[in-house]
Structure formats: structure tokens, C-alpha cells
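Q: Dropping in final.txt, which is compact mmCIF, C-alpha atoms:
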```txt
# COMPACT_ATOMS: atom_id res chain seq x y z
CA MET A 685 0.00 0.00 0.00
CA PRO A 686 1.42 3.46 -0.88
CA SER A 687 2.62 5.59 2.00
CA LEU A 688 0.50 8.56 3.05
CA LYS A 689 3.05 10.93 1.49
CA ASP A 690 2.74 9.06 -1.80
CA GLN A 691 -1.05 9.25 -1.61
CA VAL A 692 -0.84 12.99 -0.99
CA ALA A 693 1.46 13.45 -3.97
CA ALA A 694 -0.90 11.39 -6.13
CA ALA A 695 -3.89 13.50 -5.09
CA LEU A 696 -2.01 16.72 -5.81
CA SER A 697 -0.92 15.47 -9.21
CA LYS A 698 -4.55 15.78 -10.36
CA ILE A 699 -4.47 19.57 -9.88
CA THR A 700 -3.22 21.60 -12.84
CA MET A 701 -0.76 24.45 -12.42
CA PRO A 702 -2.19 27.42 -14.38
CA GLY A 703 -0.15 28.49 -17.39
CA THR A 704 2.10 25.43 -17.43
CA GLY A 705 0.00 22.55 -18.73
CA LYS A 706 1.48 20.47 -15.89
CA ASP A 707 0.12 19.37 -12.55
CA ILE A 708 1.42 21.20 -9.47
CA VAL A 709 3.72 18.32 -8.51
CA ALA A 710 5.29 17.94 -11.96
CA ALA A 711 5.66 21.72 -12.16
CA GLY A 712 7.84 21.62 -9.04
CA ALA A 713 5.51 23.92 -7.11
CA VAL A 714 4.91 21.61 -4.13
CA SER A 715 7.29 21.79 -1.20
CA ASP A 716 8.42 18.78 0.80
CA ILE A 717 5.32 17.13 2.24
CA TYR A 718 5.35 16.90 6.02
CA GLU A 719 3.22 14.15 7.57
CA LYS A 720 2.93 13.09 11.21
CA ASP A 721 0.13 11.07 12.82
CA GLY A 722 -2.26 11.88 9.99
CA LYS A 723 -1.51 15.62 10.02
CA VAL A 724 -0.26 16.84 6.64
CA MET A 725 1.41 20.18 5.91
CA LEU A 726 2.85 21.51 2.65
CA SER A 727 3.23 24.70 0.66
CA ILE A 728 2.78 25.63 -3.02
CA SER A 729 5.20 28.11 -4.60
CA VAL A 730 3.49 30.61 -6.90
CA PRO A 731 4.54 33.79 -8.76
CA ALA A 732 4.32 36.79 -6.44
CA ASP A 733 2.59 39.02 -9.00
CA LYS A 734 -0.10 36.40 -9.63
CA ALA A 735 -0.52 35.05 -6.11
CA ALA A 736 -4.15 36.14 -5.76
CA ARG A 737 -5.16 33.88 -8.66
CA PHE A 738 -3.83 30.80 -6.90
CA GLU A 739 -6.16 30.78 -3.88
CA PRO A 740 -8.53 28.33 -5.69
CA ILE A 741 -5.52 26.06 -6.32
CA ARG A 742 -4.57 26.19 -2.64
CA ALA A 743 -8.14 25.43 -1.59
CA ALA A 744 -8.42 22.57 -4.10
CA ALA A 745 -5.16 21.08 -2.85
CA GLU A 746 -6.27 21.28 0.76
CA THR A 747 -9.60 19.65 -0.09
CA ALA A 748 -7.87 16.88 -2.04
CA VAL A 749 -5.52 16.09 0.83
CA LYS A 750 -8.31 16.14 3.43
CA SER A 751 -10.25 13.57 1.40
CA ILE A 752 -7.50 10.95 1.71
CA PRO A 753 -8.35 8.23 4.25
CA GLY A 754 -6.15 8.56 7.30
CA VAL A 755 -5.63 12.31 7.00
CA VAL A 756 -6.75 14.02 10.20
CA LYS A 757 -5.68 17.58 9.40
CA ALA A 758 -4.39 19.25 6.23
CA THR A 759 -2.66 22.62 6.02
CA VAL A 760 -1.71 24.01 2.60
CA ALA A 761 -0.06 27.43 2.34
CA LEU A 762 0.90 29.58 -0.64
CA THR A 763 4.52 30.73 -0.87
CA ALA A 764 4.91 33.76 -3.13
CA GLU A 765 8.23 33.68 -4.94
CA VAL A 766 9.73 37.14 -5.50
CA ALA A 767 11.95 37.80 -8.49
CA PRO A 768 15.33 39.40 -7.71
CA GLY A 769 15.07 43.19 -7.51
CA SER A 770 11.27 43.21 -7.22
CA ALA A 771 9.30 44.42 -4.25
CA ALA A 772 8.23 41.79 -1.78
CA PRO A 773 4.47 41.25 -1.49
CA LYS A 774 2.65 41.78 1.74
CA ALA A 775 2.61 38.72 3.95
CA PRO A 776 -0.45 36.61 3.08
CA ALA A 777 -3.06 35.95 5.73
CA HIS A 778 -3.34 32.32 6.87
CA GLY A 779 -1.22 31.43 3.88
CA HIS A 780 -3.83 32.92 1.53
CA ALA A 781 -2.84 35.49 -1.04
CA HIS A 782 -5.54 38.09 -0.55
CA ALA A 783 -6.19 41.04 1.76
CA ALA A 784 -5.82 40.39 5.47
CA PRO A 785 -9.12 39.66 7.21
CA ALA A 786 -10.51 41.57 10.13
CA LYS A 787 -9.24 40.71 13.59
CA ASN A 788 -11.69 37.98 14.44
CA GLY A 789 -11.60 36.85 18.05
CA ILE A 790 -11.20 33.29 19.34
CA PRO A 791 -14.55 31.91 20.55
CA GLY A 792 -14.60 31.64 24.34
CA VAL A 793 -11.31 33.55 24.82
CA LYS A 794 -11.72 36.90 26.57
CA SER A 795 -8.17 38.27 26.36
CA ILE A 796 -5.04 37.39 24.36
CA ILE A 797 -1.66 38.54 25.67
CA ALA A 798 1.51 38.15 23.61
CA VAL A 799 4.82 37.61 25.41
CA ALA A 800 7.54 38.76 23.02
CA SER A 801 11.20 39.67 22.78
CA GLY A 802 13.33 41.48 20.26
CA LYS A 803 15.91 38.67 20.23
CA GLY A 804 16.33 35.08 21.37
CA GLY A 805 18.08 33.90 24.50
CA VAL A 806 16.51 36.33 26.95
CA GLY A 807 14.29 33.77 28.71
CA LYS A 808 11.06 34.73 26.98
CA SER A 809 9.49 31.24 26.97
CA THR A 810 10.35 30.63 30.64
CA THR A 811 8.80 34.00 31.43
CA ALA A 812 5.70 33.25 29.33
CA VAL A 813 5.07 29.91 31.05
CA ASN A 814 5.52 31.26 34.58
CA PHE A 815 3.49 34.35 33.72
CA ALA A 816 0.62 32.14 32.49
CA LEU A 817 0.82 30.07 35.67
CA ALA A 818 0.85 33.24 37.76
CA LEU A 819 -2.37 34.38 36.06
CA ALA A 820 -3.91 30.98 36.79
CA ALA A 821 -2.85 31.34 40.43
CA ARG A 822 -5.03 34.44 40.54
CA GLY A 823 -8.03 32.25 39.75
CA LEU A 824 -8.19 32.93 36.00
CA ALA A 825 -8.84 30.28 33.34
CA VAL A 826 -5.65 30.36 31.29
CA GLY A 827 -4.22 28.75 28.15
CA ILE A 828 -0.83 29.12 26.49
CA LEU A 829 -0.06 28.90 22.78
CA ASP A 830 3.53 28.21 21.77
CA ALA A 831 3.84 30.39 18.65
CA ASP A 832 7.56 29.78 18.24
CA ILE A 833 7.15 27.47 15.24
CA TYR A 834 10.89 27.11 14.62
CA GLY A 835 11.96 26.53 18.22
CA PRO A 836 9.04 25.31 20.36
CA SER A 837 10.04 24.92 24.01
CA VAL A 838 6.74 25.15 25.88
CA PRO A 839 6.12 21.34 25.83
CA ARG A 840 9.35 20.78 27.78
CA LEU A 841 8.78 23.75 30.09
CA MET A 842 5.27 22.49 30.90
CA GLY A 843 6.35 18.88 31.49
CA LEU A 844 4.50 17.67 28.38
CA SER A 845 7.36 16.53 26.13
CA GLY A 846 6.37 13.58 23.95
CA GLU A 847 2.64 14.07 24.50
CA LYS A 848 0.23 14.27 21.55
CA PRO A 849 -3.07 16.20 21.35
CA GLU A 850 -6.26 14.35 20.46
CA VAL A 851 -8.69 15.35 17.73
CA ASN A 852 -12.32 15.68 18.81
CA GLU A 853 -15.46 14.79 16.87
CA ASP A 854 -15.36 18.22 15.19
CA ARG A 855 -11.88 17.37 13.85
CA THR A 856 -10.46 20.06 16.14
CA LEU A 857 -7.25 19.72 18.13
CA VAL A 858 -7.77 19.37 21.87
CA PRO A 859 -5.10 21.27 23.84
CA LEU A 860 -3.17 19.30 26.43
CA GLU A 861 -3.37 20.35 30.07
CA ASN A 862 -0.91 20.53 32.94
CA TYR A 863 -0.72 22.58 36.12
CA GLY A 864 -4.27 23.73 35.47
CA ILE A 865 -3.69 25.48 32.12
CA LYS A 866 -4.34 24.43 28.52
CA VAL A 867 -1.36 24.12 26.19
CA MET A 868 -0.94 23.93 22.40
CA SER A 869 2.35 23.81 20.49
CA ILE A 870 3.75 22.64 17.16
CA GLY A 871 6.13 20.74 19.43
CA PHE A 872 3.31 18.27 20.12
CA LEU A 873 3.03 17.47 16.43
CA VAL A 874 6.71 16.97 15.55
CA ASP A 875 9.59 15.17 17.20
CA GLU A 876 11.61 17.37 19.54
CA GLU A 877 14.77 17.10 17.41
CA THR A 878 13.05 17.60 14.03
CA PRO A 879 14.04 20.93 12.42
CA MET A 880 11.13 23.01 11.11
CA ILE A 881 12.49 23.98 7.68
CA TRP A 882 9.46 25.96 6.59
CA ARG A 883 9.02 29.18 4.71
CA ALA A 884 7.22 31.95 6.52
CA PRO A 885 3.75 31.49 4.91
CA MET A 886 3.66 27.84 5.94
CA ALA A 887 4.72 28.67 9.50
CA VAL A 888 2.06 31.38 9.67
CA SER A 889 -0.58 28.99 8.35
CA ALA A 890 0.31 26.33 10.92
CA LEU A 891 0.22 28.88 13.72
CA THR A 892 -3.14 30.24 12.61
CA GLN A 893 -4.55 26.72 12.52
CA MET A 894 -3.34 25.97 16.07
CA LEU A 895 -4.77 29.26 17.28
CA ARG A 896 -8.17 29.10 15.62
CA GLU A 897 -8.76 25.37 15.26
CA SER A 898 -8.00 24.26 18.81
CA ALA A 899 -10.73 23.55 21.35
CA TRP A 900 -9.69 26.19 23.88
CA GLY A 901 -13.06 26.34 25.60
CA ASP A 902 -13.73 29.29 27.89
CA LEU A 903 -10.55 31.16 28.84
CA ASP A 904 -10.04 34.43 30.66
CA VAL A 905 -6.57 34.78 29.12
CA LEU A 906 -4.69 33.07 26.31
CA VAL A 907 -0.95 33.74 26.63
CA VAL A 908 0.93 33.54 23.33
CA ASP A 909 4.65 32.76 23.54
CA MET A 910 5.81 34.63 20.44
CA PRO A 911 8.93 33.76 18.44
CA PRO A 912 11.81 36.20 18.98
CA GLY A 913 12.23 39.12 16.62
CA THR A 914 9.84 41.12 14.43
CA GLY A 915 9.24 38.88 11.41
CA ASP A 916 6.25 37.49 9.50
CA VAL A 917 4.81 35.45 12.38
CA GLN A 918 4.82 38.39 14.79
CA LEU A 919 3.39 40.74 12.18
CA THR A 920 0.63 38.30 11.22
CA MET A 921 -0.36 37.79 14.87
CA ALA A 922 -0.41 41.54 15.47
CA GLN A 923 -2.44 42.27 12.33
CA GLN A 924 -4.93 39.40 12.41
CA VAL A 925 -5.46 38.56 16.07
CA PRO A 926 -7.21 40.95 18.50
CA LEU A 927 -4.34 41.08 20.97
CA THR A 928 -5.24 42.65 24.29
CA GLY A 929 -1.65 43.66 24.68
CA ALA A 930 1.99 42.60 24.61
CA VAL A 931 4.56 41.98 27.34
CA ILE A 932 8.17 42.52 26.22
CA VAL A 933 10.97 40.49 27.83
CA SER A 934 14.56 41.73 27.82
CA THR A 935 17.79 41.32 29.70
CA PRO A 936 19.46 44.46 31.11
CA GLN A 937 22.34 44.93 28.66
CA ASP A 938 22.25 47.53 25.92
CA LEU A 939 22.26 45.07 22.98
CA ALA A 940 19.17 43.25 24.27
CA LEU A 941 17.42 46.52 25.03
CA LEU A 942 18.09 47.74 21.50
CA ASP A 943 16.21 44.71 20.14
CA ALA A 944 13.48 45.06 22.78
CA ARG A 945 12.99 48.64 21.58
CA ARG A 946 12.27 47.32 18.07
CA GLY A 947 9.71 44.89 19.50
CA VAL A 948 7.94 47.69 21.34
CA ALA A 949 7.96 49.84 18.20
CA MET A 950 6.45 47.04 16.10
CA PHE A 951 3.51 46.54 18.44
CA GLN A 952 2.95 50.26 18.73
CA LYS A 953 2.98 50.63 14.94
CA VAL A 954 0.21 48.03 14.55
CA GLU A 955 -1.70 49.58 17.47
CA VAL A 956 -1.29 46.74 19.96
CA PRO A 957 -0.98 48.09 23.53
CA VAL A 958 2.37 47.39 25.17
CA LEU A 959 1.49 46.28 28.69
CA GLY A 960 5.05 46.65 29.88
CA ILE A 961 8.64 45.40 29.94
CA VAL A 962 10.08 42.62 32.09
CA GLU A 963 13.78 42.63 32.97
CA ASN A 964 14.88 38.98 33.02
CA MET A 965 18.25 37.79 34.40
CA ALA A 966 18.34 41.11 36.22
CA TYR A 967 20.96 40.09 38.78
CA PHE A 968 22.66 37.06 40.30
CA VAL A 969 23.08 36.30 43.99
CA CYS A 970 25.97 33.95 44.77
CA PRO A 971 24.56 30.92 46.64
CA ASN A 972 27.80 30.57 48.63
CA CYS A 973 28.59 34.08 49.77
CA GLY A 974 25.35 35.94 49.09
CA THR A 975 27.11 38.59 47.01
CA HIS A 976 24.91 40.45 44.51
CA HIS A 977 26.29 40.46 40.95
CA ASP A 978 24.90 42.45 38.00
CA ILE A 979 26.23 40.10 35.33
CA PHE A 980 24.33 41.71 32.42
CA GLY A 981 24.09 45.12 34.03
CA HIS A 982 21.03 46.14 36.01
CA GLY A 983 18.07 48.45 35.67
CA GLY A 984 18.34 48.89 31.91
CA ALA A 985 14.82 47.65 31.23
CA ALA A 986 13.31 49.90 33.89
CA GLN A 987 15.14 52.88 32.45
CA GLU A 988 14.05 51.97 28.91
CA ALA A 989 10.42 51.60 30.03
CA ARG A 990 10.50 55.08 31.52
CA ARG A 991 12.15 56.48 28.40
CA ILE A 992 9.50 55.18 26.01
CA GLY A 993 6.58 55.62 28.38
CA VAL A 994 5.44 52.04 29.04
CA PRO A 995 5.06 50.29 32.41
CA PHE A 996 7.99 48.48 33.98
CA LEU A 997 6.52 45.18 35.15
CA GLY A 998 9.36 43.94 37.32
CA GLU A 999 12.59 41.98 37.33
CA VAL A 1000 13.44 38.30 37.56
CA PRO A 1001 16.87 37.20 38.81
CA LEU A 1002 19.39 35.02 37.00
CA GLU A 1003 18.83 32.02 39.24
CA MET A 1004 19.93 28.40 38.97
CA ARG A 1005 16.69 27.16 40.51
CA ILE A 1006 14.62 28.73 37.73
CA ARG A 1007 16.82 27.02 35.14
CA GLU A 1008 16.65 23.65 36.91
CA THR A 1009 12.87 23.65 37.27
CA SER A 1010 12.39 24.86 33.70
CA ASP A 1011 14.55 22.09 32.24
CA ALA A 1012 12.68 19.52 34.35
CA GLY A 1013 9.22 20.70 33.29
CA LEU A 1014 8.53 21.86 36.84
CA PRO A 1015 8.04 25.65 36.53
CA VAL A 1016 8.58 27.47 39.81
CA VAL A 1017 5.19 29.18 39.96
CA ALA A 1018 3.47 25.77 39.82
CA THR A 1019 5.86 23.73 41.93
CA GLU A 1020 7.24 26.31 44.39
CA PRO A 1021 4.40 28.86 44.53
CA THR A 1022 5.43 30.39 47.86
CA GLY A 1023 9.12 30.70 46.97
CA PRO A 1024 10.93 33.96 46.20
CA HIS A 1025 11.25 33.23 42.47
CA ALA A 1026 7.55 32.55 42.01
CA GLU A 1027 6.92 35.85 43.80
CA SER A 1028 8.63 37.73 40.97
CA TYR A 1029 6.31 36.24 38.34
CA LEU A 1030 3.25 36.67 40.54
CA ALA A 1031 4.06 40.36 40.97
CA ILE A 1032 4.45 40.77 37.21
CA ALA A 1033 1.07 39.11 36.61
CA GLY A 1034 -0.51 41.37 39.21
CA ARG A 1035 0.81 44.49 37.52
CA VAL A 1036 -0.42 43.33 34.10
CA LEU A 1037 -3.90 42.68 35.49
CA ASP A 1038 -3.92 46.09 37.12
CA THR A 1039 -2.94 47.69 33.81
CA LEU A 1040 -5.77 45.86 32.04
CA ALA A 1041 -8.19 46.97 34.74
CA GLY A 1042 -7.05 50.58 34.36
CA LYS A 1043 -5.64 50.75 37.89
CA PRO A 1044 -2.54 52.79 38.76
CA GLU A 1045 0.76 50.98 39.08
CA ARG A 1046 1.56 49.54 42.47
CA ALA A 1047 5.05 49.72 43.91
CA ALA A 1048 4.90 46.32 45.57
CA PRO A 1049 1.72 44.34 44.89
CA ARG A 1050 0.72 41.71 47.40
CA ILE A 1051 -0.39 38.59 45.58
CA VAL A 1052 -2.50 36.02 47.41
CA ILE A 1053 -2.60 32.47 46.01
CA GLU A 1054 -5.89 30.84 46.82
```
Would you kindly transcribe this structure into C-alpha cells?

A:
Amino acid sequence: MPSLKDQVAAALSKITMPGTGKDIVAAGAVSDIYEKDGKVMLSISVPADKAARFEPIRAAAETAVKSIPGVVKATVALTAEVAPGSAAPKAPAHGHAHAAPAKNGIPGVKSIIAVASGKGGVGKSTTAVNFALALAARGLAVGILDADIYGPSVPRLMGLSGEKPEVNEDRTLVPLENYGIKVMSIGFLVDEETPMIWRAPMAVSALTQMLRESAWGDLDVLVVDMPPGTGDVQLTMAQQVPLTGAVIVSTPQDLALLDARRGVAMFQKVEVPVLGIVENMAYFVCPNCGTHHDIFGHGGAAQEARRIGVPFLGEVPLEMRIRETSDAGLPVVATEPTGPHAESYLAIAGRVLDTLAGKPERAAPRIVIE
């Protein structure tokens, strides 16, 4: 019996590529076909100046793949090839090559908060997970979406590595749960060591599917762990999703703050409120002598927040215990909720909620875990 990939290729070979007289497979327009547990993803390369005409081809390909027995989900994106020296087209919405749709909300989700950073390596995902858990500790119904398609780390941080989501009777992905919050990530659908060698439209399409075709249920807050930087995925989320606001994570040194500044500017340009800046790895306290060390400098994020007029949400130390619990899938807010490190994240969550409620900033919020 042919493999599922072969069946997909056979189904696609019945679709003609306009202007070539060949099918889309023979014309070389189909990317590598990714298949895992019945979930199929692929992209179709089309001329940038004619991309709008190819939406029916994309839709026909997706329908053909979905009709194959054994296929649970099918995601087909258009990749617009740009000729050298020509202007790049605007990023397509959900992989489609037409005008971006309105910011439609997610049914049952009251607020969506993006946790972002201008560069990688600043502890954004660790912050996002503990921030989500801190919101849940305040009695809110919380979910977290791992939007870092190329480097998903939330499954490991949440102690869910190797787990797979189920598909319900509506053929919708059911988020996994741990520590009382719902979790969805591309990391559940691919092996941990598999590189995601996807062009931006395909990554955007996969992210949009996880966001809008997951059974989130009723949530007070959906936290989105954004990929680092200010590329297509971040722009698509900001333009197409009604984000309540964004939290920017940075370390104290000037280089990281320079990138954080770009992240703030991007959200401001697309009219997404910046809820504030978190200074991660703010300082290190020697466990042997108790000496305070500002390894990456200190106070840079607070100063930057004041300079650009956004709230400073607080600082989190560079602490071995946070690293150990994160690697083990035992985030400190869930497993050590009364400890000093959890207190940092709980204070940050409290300040964000106060900002959303229109309350003035508090110098030292007192968080009570019920």
C-alpha cells in the first residue's frame, strides 16, 4: 500500500498548475510534504505578481488532501516567490494570497496577551510559562499557545514533552493540560529534534490553525509565547489577532534593550498596547557568599520603560533554581508557589492585570494564592 506521502502526492498530481500545462507536482511547485500522525502540511510556490489567482488552487489542494483516508488535518499554504530586484508582497493571511481579514476573536477567549522579545536567548518562553501560571494562580482560566514554530520549548517547560493532542469529533485539536492550564504547540506534532524547515507562509498557516482550530473552551486569558524578533509570524499575529496587549521580555544589557525597543515599536505601529517590559536575568546572587552580581548590568529595562513611556513590570533574577525547574518541566510558579522566584512572576502578573483593569501601578503588589 502506498505511504500517506505518496497518496498525498498522487492527489495533488490531479491539480493543474495554471499556465504550465502540468500538474502542481510535476511543475515543481509543491514543497516537501510533512506528515505526522495523519496531520499533513505543505506549501505551493506561486509567482508573487499572480498570487491572488492561486487561492482556488490552494483550496483545491487542501480539499484533495483532506479527502484521503487517514488524513486528520491538512494545512496548505501559498509561498509567493519574489523575483530578484522586485518588491516583496505583503505577507499573506493564513497562507492565503488576498487582503488580510478583520481581527476575528477566538470563541470563548476573553483576552489574548503576547509575550515577546526582540531577540532570542533572553528567557522569553520561561517567562511566558511562569506568567501564564501566575495568572492561573489568581483564579483565572488560562491557556498558552507556543507560537515559536521554529523553536518550540513550551512542551518541555510544561512537562508535556512527547505528548500528543487528540482530535475531537469536530476534527479540532484538543489542547493538552498541565498545572491547570491548557497548552498547544507545534512541538506536540513533531519530534523534539526535528528541524522546522518551513518558509514563513507555511509557518504562519500552521500557527493560525493551532490558534483558531484548537478547542480552547472558555478562557479568561490566552498567553501567546511569540517567536523572537519582528518577522512574519509576529506581524501576522499583530495584524490578524485581536491582541489585548503585549509583554516585552529583555535582559538588562544595551544590545538586548536595543532589540526590545524594536519589538515595542512594532507593536505600537500596529496599534497593539504594550502592557510593559520585564527585565529577566536582572541580577545574580551567589549561593555561597550571598554577594549580589549584575552580570548583564542592572536596571536597563526599567530605564528603557520610563524612556518610552510604558510600564515596567518587574525583574526576575538570574537564578539556577529557575533554570533547573524549567529544564525539568517543573516551573517554579506551579511547583514552588510560595518561593521567592515565584513571587517575581506573581508580581508581574498582578501588575499586568492592574494595567488591564485601568488601575494605577503599584510599587509592591501583594499577591495572594488561593

Q: May I ask which of the residues A:Pro885, A:Gly1034, A:Pro686, A:Gly974 is the closest one to Met725 in chain A, counting all atoms listed in the file?

A: A:Pro885

Q: Taking into account all atoms listed in the file, which residue in the set A:Gly846, A:Gly792, A:Ala930, A:Arg896 is nearest to Val956 in chain A?

A: A:Ala930

Q: In terms of the shortest atom-to-atom distance over only C-alpha atoms, which of A:Gly802, A:Ala711, A:Thr975, A:Gly843 is closest to Met950 in chain A?

A: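 Closest candidate: A:Gly802.
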
Q: If we count all atoms listed in the file, what is near Pro702 in chain A at a cut-off of 12 Å, once residues fewer than 2 positions away on the same chain are taken out, given as a PyMOL selection string?

A: chain A and resi 699-700+704-708+711+713+730-731+734-735+737-741

Q: When you draw a straight line from CA of Ile992 in chain A to CA of Val962 in chain A, how long is it in Å?

A: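 Atom-to-atom, CA of Ile992 in chain A and CA of Val962 in chain A are spaced 14.0 Å apart.
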
Q: Of the candidates A:Glu877, A:Asp943, A:Asp1011, A:Glu999, which one gets nearest to Thr810 in chain A if we count all atoms listed in the file?

A: A:Asp1011

Q: Using all atoms listed in the file, which of the listed residues (A:Gln893, A:Ser687, A:Asn814, A:Ser837) sits closest to Val1016 in chain A?

A: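 Distance minimum relative to Val1016 in chain A lands on A:Asn814.
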
Q: Tell me which protein, DNA and RNA residues are within 10 Å of Ala758 in chain A, counting all atoms listed in the file, leaving out same-chain ones fewer than 4 positions away, and put them as a PyMOL selection string.

A: chain A and resi 719+722-726+745-752+890+893

Q: Suppose you want the space between CA of Ala831 in chain A and CA of Gly1013 in chain A; what is it in Å?

A: 18.4 Å

Q: Please check which residues have atoms at most 12 Å from (10.3, 27.5, 4.7) in the file's coordinates, counting all atoms listed in the file, and write them as a PDB file with C-alpha atoms, in the coordinates of the input.

A:
```pdb
ATOM      1  CA  VAL A 714       4.910  21.610  -4.130  1.00  0.00           C
ATOM      2  CA  SER A 715       7.290  21.790  -1.200  1.00  0.00           C
ATOM      3  CA  ASP A 716       8.420  18.780   0.800  1.00  0.00           C
ATOM      4  CA  ILE A 717       5.320  17.130   2.240  1.00  0.00           C
ATOM      5  CA  TYR A 718       5.350  16.900   6.020  1.00  0.00           C
ATOM      6  CA  MET A 725       1.410  20.180   5.910  1.00  0.00           C
ATOM      7  CA  LEU A 726       2.850  21.510   2.650  1.00  0.00           C
ATOM      8  CA  SER A 727       3.230  24.700   0.660  1.00  0.00           C
ATOM      9  CA  ILE A 728       2.780  25.630  -3.020  1.00  0.00           C
ATOM     10  CA  SER A 729       5.200  28.110  -4.600  1.00  0.00           C
ATOM     11  CA  ALA A 761      -0.060  27.430   2.340  1.00  0.00           C
ATOM     12  CA  LEU A 762       0.900  29.580  -0.640  1.00  0.00           C
ATOM     13  CA  THR A 763       4.520  30.730  -0.870  1.00  0.00           C
ATOM     14  CA  ALA A 764       4.910  33.760  -3.130  1.00  0.00           C
ATOM     15  CA  GLU A 765       8.230  33.680  -4.940  1.00  0.00           C
ATOM     16  CA  ILE A 833       7.150  27.470  15.240  1.00  0.00           C
ATOM     17  CA  TYR A 834      10.890  27.110  14.620  1.00  0.00           C
ATOM     18  CA  PRO A 879      14.040  20.930  12.420  1.00  0.00           C
ATOM     19  CA  MET A 880      11.130  23.010  11.110  1.00  0.00           C
ATOM     20  CA  ILE A 881      12.490  23.980   7.680  1.00  0.00           C
ATOM     21  CA  TRP A 882       9.460  25.960   6.590  1.00  0.00           C
ATOM     22  CA  ARG A 883       9.020  29.180   4.710  1.00  0.00           C
ATOM     23  CA  ALA A 884       7.220  31.950   6.520  1.00  0.00           C
ATOM     24  CA  PRO A 885       3.750  31.490   4.910  1.00  0.00           C
ATOM     25  CA  MET A 886       3.660  27.840   5.940  1.00  0.00           C
ATOM     26  CA  ALA A 887       4.720  28.670   9.500  1.00  0.00           C
ATOM     27  CA  VAL A 888       2.060  31.380   9.670  1.00  0.00           C
ATOM     28  CA  SER A 889      -0.580  28.990   8.350  1.00  0.00           C
ATOM     29  CA  ALA A 890       0.310  26.330  10.920  1.00  0.00           C
ATOM     30  CA  ASP A 916       6.250  37.490   9.500  1.00  0.00           C
TER      31      ASP A 916
END
```

Q: In Å, rounded to a single decimal, give me how far CA of Val709 in chain A is from CA of Leu873 in chain A.

A: 25.0 Å

Q: Using only C-alpha atoms, pick whichever of A:Met842, A:Leu919, A:Ile796, A:Leu829 has the shortest atom-to-atom distance to Ile870 in chain A.

A: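 Result for the nearest residue to Ile870 in chain A: A:Leu829.
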
Q: Please report, as JSON, the centre and edge lengths in Å to one decimal of an axis-aligned box covering all listed atoms of range 802-809 of chain A with 4 Å per side.

A:
```
{"center_x": 13.8, "center_y": 36.4, "center_z": 24.5, "size_x": 16.6, "size_y": 18.2, "size_z": 16.5}
```

Q: So that I can check the surroundings of Ala821 in chain A, please list as a ChimeraX atom specification every protein, DNA and RNA residue that reaches within 12 Å of it, counting all atoms listed in the file and ignoring chain neighbours fewer than 4 positions away.

A: /A:814-817,825-826,863-865,1017-1022,1026-1027,1029-1031,1033-1034,1051-1054

Q: Can I get the selection written as an mmCIF file, keeping the file's coordinate frame, with C-alpha atoms?

A:
```cif
data_model
loop_
_atom_site.group_PDB
_atom_site.id
_atom_site.type_symbol
_atom_site.label_atom_id
_atom_site.label_comp_id
_atom_site.auth_asym_id
_atom_site.auth_seq_id
_atom_site.Cartn_x
_atom_site.Cartn_y
_atom_site.Cartn_z
ATOM 1 C CA ASN A 814 5.520 31.260 34.580
ATOM 2 C CA PHE A 815 3.490 34.350 33.720
ATOM 3 C CA ALA A 816 0.620 32.140 32.490
ATOM 4 C CA LEU A 817 0.820 30.070 35.670
ATOM 5 C CA ALA A 825 -8.840 30.280 33.340
ATOM 6 C CA VAL A 826 -5.650 30.360 31.290
ATOM 7 C CA TYR A 863 -0.720 22.580 36.120
ATOM 8 C CA GLY A 864 -4.270 23.730 35.470
ATOM 9 C CA ILE A 865 -3.690 25.480 32.120
ATOM 10 C CA VAL A 1017 5.190 29.180 39.960
ATOM 11 C CA ALA A 1018 3.470 25.770 39.820
ATOM 12 C CA THR A 1019 5.860 23.730 41.930
ATOM 13 C CA GLU A 1020 7.240 26.310 44.390
ATOM 14 C CA PRO A 1021 4.400 28.860 44.530
ATOM 15 C CA THR A 1022 5.430 30.390 47.860
ATOM 16 C CA ALA A 1026 7.550 32.550 42.010
ATOM 17 C CA GLU A 1027 6.920 35.850 43.800
ATOM 18 C CA TYR A 1029 6.310 36.240 38.340
ATOM 19 C CA LEU A 1030 3.250 36.670 40.540
ATOM 20 C CA ALA A 1031 4.060 40.360 40.970
ATOM 21 C CA ALA A 1033 1.070 39.110 36.610
ATOM 22 C CA GLY A 1034 -0.510 41.370 39.210
ATOM 23 C CA ILE A 1051 -0.390 38.590 45.580
ATOM 24 C CA VAL A 1052 -2.500 36.020 47.410
ATOM 25 C CA ILE A 1053 -2.600 32.470 46.010
ATOM 26 C CA GLU A 1054 -5.890 30.840 46.820
#
```
